[in-house]
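Engineer: There's a structure below that I have some questions on.
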Amino acid sequence: MKTTNHLNREKTALITGASGGIGYELAKLFARDGYNLVLVARSEEKLTQIAKEFTEKSGIKVEIIVKDLSLATTPAEIFTKLQQAAIKIDVLVNNAGFGSYGFFHETDLKTELEMLQVNVVSLTHLTKLFLKDMVEQGYGKILNISSGAAFQPGPLLAVYFATKAYVLSFSEAIANELEGTGVTVTVVCPGTTASGFQQRAAMEESKLVTSQNVMDAETVAKISYQGLMSNKTVVVPGIKNKLLAEAVRFTPRKMVVKIARSMNSK
C-alpha cells in the first residue's frame, strides 16, 4: 500500500559526484528550492565547504558522505548510513562518473574497471537500493547523468561511451516500468561540458574539447533540473547536441563510428 507521508515532510535529494561540475550546480538548484541534501564525493574538504555554503545561504540540512564509488561496497554503505540516520531520499541524482582516454589495448585496466564500477555498477546499485522505498511511498525522482556519448560508439573512449549507452538504455527501460507508480526517471545526455572531467580523462586536446560546442556546467544543470521537475524521460541539453543525437539515427553505422573517432582525436 502506498503512503502519502512524503506530502507532510521536507524533501531530501542525494547527489553523487557533488563536489564540482554538474553535481555541484544541481546541488545549488535543489538547495534554492528548499531541499535538504545528502552530498557524496571523495573530497571531504570540498564537501565540507559546500555544506557550509548551503546551510548558511539556504538554511537547509546538509549531510556529507565521503565515499569512493569505485569501491563495490560503497552503495550499500551509503544506504545503510542513511537508514540508520532515518533520512529518506526523495530524489536520487546519479551524477558521479569519469572517463579514460586512449586506445583500448594501451589503456589501464584498473582504471577502466573502476570506471565501470562508478559509471554503471554503483549507479545501478544505488538505484536498486533507493527505488524500492520510493515505489513504496508512491513518490520519488531519479536523475541519471548519461552523455551525448550514449548515442554512438566512441573510439579512443571506448569503455566510457559504452558505459553511457548503458545508463541511457537502463534509465529509459525503468522509466517505462515505473509508469503509474508516482516515481519518475530522467536521464540527461549532455554534450561536452566544461568541468574537471576532461582533465581526469586526459583528453583536453581532443577536438571534442577544443571545439566551440562546449556548454558550462551551470547551464547543463539548469536544463537537467527543469527536465527532472517536468518528468521528462530523456533530456539532451543544447540544440546542437539534440541535432547530433538525432543525426546518428539516420547515418550509416560505420560512418558514425568514423566521425566519433575523428572528434575524439587530438
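Here, A, B, ... name the chains of the C-alpha cells in the order displayed, residue numbers run from 1 inside each chain, and ligands are numbered from 1 in the same displayed order.
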Write out as a PDB file with N, CA and C atoms, in the first residue's frame the residues lying within 6 Å of Lys164 of chain A, counting only C-alpha atoms and excluding same-chain residues fewer than 6 positions away.
Structural biologist:
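Result written to part-v4.pdb:
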ATOM      1  N   SER A 146      23.841  10.751 -18.041  1.00  0.00           N
ATOM      2  CA  SER A 146      24.498   9.975 -19.088  1.00  0.00           C
ATOM      3  C   SER A 146      25.372  10.946 -19.891  1.00  0.00           C
ATOM      4  N   SER A 147      25.295  10.904 -21.202  1.00  0.00           N
ATOM      5  CA  SER A 147      26.143  11.753 -22.043  1.00  0.00           C
ATOM      6  C   SER A 147      25.676  11.649 -23.490  1.00  0.00           C
ATOM      7  N   ALA A 150      26.280   8.485 -25.353  1.00  0.00           N
ATOM      8  CA  ALA A 150      25.408   7.310 -25.279  1.00  0.00           C
ATOM      9  C   ALA A 150      24.840   6.897 -26.630  1.00  0.00           C
TER      10      ALA A 150
END
Engineer: Pick out each residue of segment 51-156 of chain A that DSSP on the backbone tags as helix (DSSP H, G or I); I need them as a tab-separated table (two decimals) with N, CA and C atoms, in the first residue's frame.
Structural biologist:
chain	number	residue	atom	x	y	z
A	51	ALA	N	28.82	22.23	2.09
A	51	ALA	CA	27.78	22.09	3.11
A	51	ALA	C	27.63	23.39	3.90
A	52	LYS	N	28.75	24.01	4.25
A	52	LYS	CA	28.71	25.28	4.98
A	52	LYS	C	28.05	26.36	4.14
A	53	GLU	N	28.41	26.40	2.86
A	53	GLU	CA	27.84	27.39	1.94
A	53	GLU	C	26.32	27.27	1.86
A	54	PHE	N	25.83	26.05	1.69
A	54	PHE	CA	24.40	25.86	1.51
A	54	PHE	C	23.60	26.08	2.80
A	55	THR	N	24.13	25.63	3.92
A	55	THR	CA	23.41	25.82	5.18
A	55	THR	C	23.31	27.29	5.54
A	56	GLU	N	24.36	28.06	5.25
A	56	GLU	CA	24.35	29.49	5.56
A	56	GLU	C	23.44	30.27	4.61
A	57	LYS	N	23.45	29.91	3.33
A	57	LYS	CA	22.66	30.65	2.33
A	57	LYS	C	21.18	30.24	2.33
A	58	SER	N	20.94	28.93	2.45
A	58	SER	CA	19.58	28.43	2.25
A	58	SER	C	18.92	27.91	3.51
A	74	THR	N	30.55	0.59	-1.53
A	74	THR	CA	30.11	1.95	-1.22
A	74	THR	C	28.60	2.16	-1.29
A	75	PRO	N	27.89	1.73	-2.34
A	75	PRO	CA	26.44	1.98	-2.38
A	75	PRO	C	25.70	1.44	-1.15
A	76	ALA	N	26.01	0.23	-0.73
A	76	ALA	CA	25.33	-0.34	0.44
A	76	ALA	C	25.69	0.43	1.71
A	77	GLU	N	26.94	0.89	1.79
A	77	GLU	CA	27.36	1.67	2.96
A	77	GLU	C	26.61	3.00	3.04
A	78	ILE	N	26.41	3.64	1.89
A	78	ILE	CA	25.64	4.89	1.85
A	78	ILE	C	24.20	4.64	2.29
A	79	PHE	N	23.60	3.62	1.73
A	79	PHE	CA	22.20	3.30	2.04
A	79	PHE	C	22.02	2.98	3.52
A	80	THR	N	22.91	2.17	4.06
A	80	THR	CA	22.83	1.79	5.47
A	80	THR	C	22.99	3.00	6.38
A	81	LYS	N	23.93	3.87	6.06
A	81	LYS	CA	24.15	5.07	6.87
A	81	LYS	C	22.90	5.94	6.92
A	82	LEU	N	22.24	6.10	5.79
A	82	LEU	CA	21.05	6.94	5.74
A	82	LEU	C	19.87	6.28	6.44
A	83	GLN	N	19.77	4.96	6.33
A	83	GLN	CA	18.73	4.25	7.07
A	83	GLN	C	18.91	4.43	8.57
A	84	GLN	N	20.14	4.30	9.05
A	84	GLN	CA	20.43	4.44	10.47
A	84	GLN	C	20.14	5.85	10.96
A	109	LEU	N	43.83	-1.14	-17.32
A	109	LEU	CA	42.68	-1.98	-16.98
A	109	LEU	C	42.07	-1.60	-15.64
A	110	LYS	N	42.90	-1.34	-14.65
A	110	LYS	CA	42.39	-0.99	-13.32
A	110	LYS	C	41.51	0.25	-13.38
A	111	THR	N	41.96	1.24	-14.14
A	111	THR	CA	41.17	2.47	-14.29
A	111	THR	C	39.84	2.19	-14.94
A	112	GLU	N	39.84	1.33	-15.96
A	112	GLU	CA	38.59	1.04	-16.67
A	112	GLU	C	37.63	0.20	-15.84
A	113	LEU	N	38.15	-0.70	-15.03
A	113	LEU	CA	37.28	-1.46	-14.13
A	113	LEU	C	36.66	-0.54	-13.07
A	114	GLU	N	37.44	0.42	-12.61
A	114	GLU	CA	36.90	1.41	-11.66
A	114	GLU	C	35.84	2.27	-12.34
A	115	MET	N	36.07	2.61	-13.61
A	115	MET	CA	35.09	3.38	-14.36
A	115	MET	C	33.78	2.63	-14.50
A	116	LEU	N	33.87	1.35	-14.83
A	116	LEU	CA	32.66	0.52	-14.92
A	116	LEU	C	31.93	0.48	-13.58
A	117	GLN	N	32.69	0.39	-12.50
A	117	GLN	CA	32.08	0.36	-11.17
A	117	GLN	C	31.33	1.67	-10.88
A	118	VAL	N	31.97	2.80	-11.18
A	118	VAL	CA	31.35	4.10	-10.88
A	118	VAL	C	30.20	4.39	-11.84
A	119	ASN	N	30.48	4.31	-13.14
A	119	ASN	CA	29.51	4.75	-14.16
A	119	ASN	C	28.32	3.81	-14.32
A	120	VAL	N	28.54	2.51	-14.07
A	120	VAL	CA	27.49	1.51	-14.32
A	120	VAL	C	27.03	0.81	-13.04
A	121	VAL	N	27.95	0.14	-12.36
A	121	VAL	CA	27.55	-0.73	-11.25
A	121	VAL	C	27.03	0.06	-10.06
A	122	SER	N	27.77	1.08	-9.62
A	122	SER	CA	27.31	1.86	-8.47
A	122	SER	C	26.02	2.60	-8.78
A	123	LEU	N	25.90	3.13	-9.99
A	123	LEU	CA	24.65	3.79	-10.39
A	123	LEU	C	23.48	2.82	-10.31
A	124	THR	N	23.68	1.62	-10.82
A	124	THR	CA	22.61	0.61	-10.79
A	124	THR	C	22.30	0.18	-9.36
A	125	HIS	N	23.34	-0.01	-8.57
A	125	HIS	CA	23.19	-0.47	-7.18
A	125	HIS	C	22.43	0.57	-6.35
A	126	LEU	N	22.82	1.84	-6.46
A	126	LEU	CA	22.14	2.90	-5.72
A	126	LEU	C	20.67	3.00	-6.14
A	127	THR	N	20.44	2.92	-7.43
A	127	THR	CA	19.07	2.98	-7.93
A	127	THR	C	18.23	1.84	-7.36
A	128	LYS	N	18.78	0.64	-7.35
A	128	LYS	CA	18.07	-0.52	-6.81
A	128	LYS	C	17.73	-0.30	-5.33
A	129	LEU	N	18.69	0.19	-4.55
A	129	LEU	CA	18.51	0.35	-3.12
A	129	LEU	C	17.45	1.39	-2.78
A	130	PHE	N	17.48	2.54	-3.45
A	130	PHE	CA	16.57	3.63	-3.08
A	130	PHE	C	15.23	3.56	-3.79
A	131	LEU	N	15.17	2.88	-4.91
A	131	LEU	CA	13.94	2.85	-5.70
A	131	LEU	C	12.80	2.13	-4.97
A	132	LYS	N	13.13	1.08	-4.25
A	132	LYS	CA	12.07	0.32	-3.57
A	132	LYS	C	11.30	1.18	-2.58
A	133	ASP	N	12.00	2.00	-1.82
A	133	ASP	CA	11.33	2.90	-0.88
A	133	ASP	C	10.49	3.94	-1.60
A	134	MET	N	11.00	4.43	-2.73
A	134	MET	CA	10.25	5.42	-3.50
A	134	MET	C	8.92	4.84	-4.00
A	135	VAL	N	8.99	3.63	-4.53
A	135	VAL	CA	7.77	2.98	-5.02
A	135	VAL	C	6.80	2.72	-3.87
A	136	GLU	N	7.34	2.32	-2.73
A	136	GLU	CA	6.51	2.04	-1.55
A	136	GLU	C	5.76	3.28	-1.10
A	137	GLN	N	6.43	4.44	-1.12
A	137	GLN	CA	5.77	5.66	-0.66
A	137	GLN	C	4.98	6.35	-1.77
A	148	GLY	N	26.04	12.65	-24.27
A	148	GLY	CA	25.83	12.53	-25.71
A	148	GLY	C	26.58	11.35	-26.28
A	149	ALA	N	27.57	10.87	-25.52
A	149	ALA	CA	28.32	9.68	-25.91
A	149	ALA	C	27.44	8.44	-25.97
A	150	ALA	N	26.28	8.49	-25.35
A	150	ALA	CA	25.41	7.31	-25.28
A	150	ALA	C	24.84	6.90	-26.63
A	151	PHE	N	24.86	7.80	-27.60
A	151	PHE	CA	24.15	7.55	-28.85
A	151	PHE	C	25.00	6.87	-29.92
Engineer: DSSP on the backbone, then: every residue of segment 128-179 of chain A marked strand (DSSP E), written as a count of residues only.
Structural biologist: 6
Engineer: Hey, which of A:Ala86, A:Val234, A:Ala41, A:Ala217 ends up closest to Ala175 of chain A? Count only C-alpha atoms.
Structural biologist: A:Val234
Engineer: Contacts between segment 9-17 of chain A and segment 69-116 of chain A, please, where a residue of segment 69-116 of chain A counts if it comes within 6 Å (with only C-alpha atoms); show its shortest atom pair and distance in Å to one decimal, rows by chain and ascending number, as JSON lines.
Structural biologist:
{"residue": "A:Ile89", "atom": "CA", "partner": "A:Thr12", "partner_atom": "CA", "distance": 5.3}
{"residue": "A:Asp90", "atom": "CA", "partner": "A:Thr12", "partner_atom": "CA", "distance": 5.4}
{"residue": "A:Val91", "atom": "CA", "partner": "A:Ala13", "partner_atom": "CA", "distance": 4.5}
{"residue": "A:Leu92", "atom": "CA", "partner": "A:Leu14", "partner_atom": "CA", "distance": 5.0}
{"residue": "A:Val93", "atom": "CA", "partner": "A:Ile15", "partner_atom": "CA", "distance": 4.7}
{"residue": "A:Asn94", "atom": "CA", "partner": "A:Thr16", "partner_atom": "CA", "distance": 5.6}
{"residue": "A:Asn95", "atom": "CA", "partner": "A:Thr16", "partner_atom": "CA", "distance": 5.3}
{"residue": "A:Ala96", "atom": "CA", "partner": "A:Gly17", "partner_atom": "CA", "distance": 4.1}
Engineer: If I take atom CA of Asn213 of chain A and atom CA of Ala162 of chain A, how far is one from the other in Å, to one decimal?
Structural biologist: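 If I compute the distance from atom CA of Asn213 of chain A to atom CA of Ala162 of chain A, I get 22.0 Å.
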Engineer: For segment 224-231 of chain A, list every protein, DNA or RNA residue within 9 Å, evaluated using only C-alpha atoms, and leave out those in the same chain fewer than 5 positions away; present the list as an MDAnalysis selection string.
Structural biologist: chainID A and resid 26 29:30 141:143 145 184:188 190 219 236:237
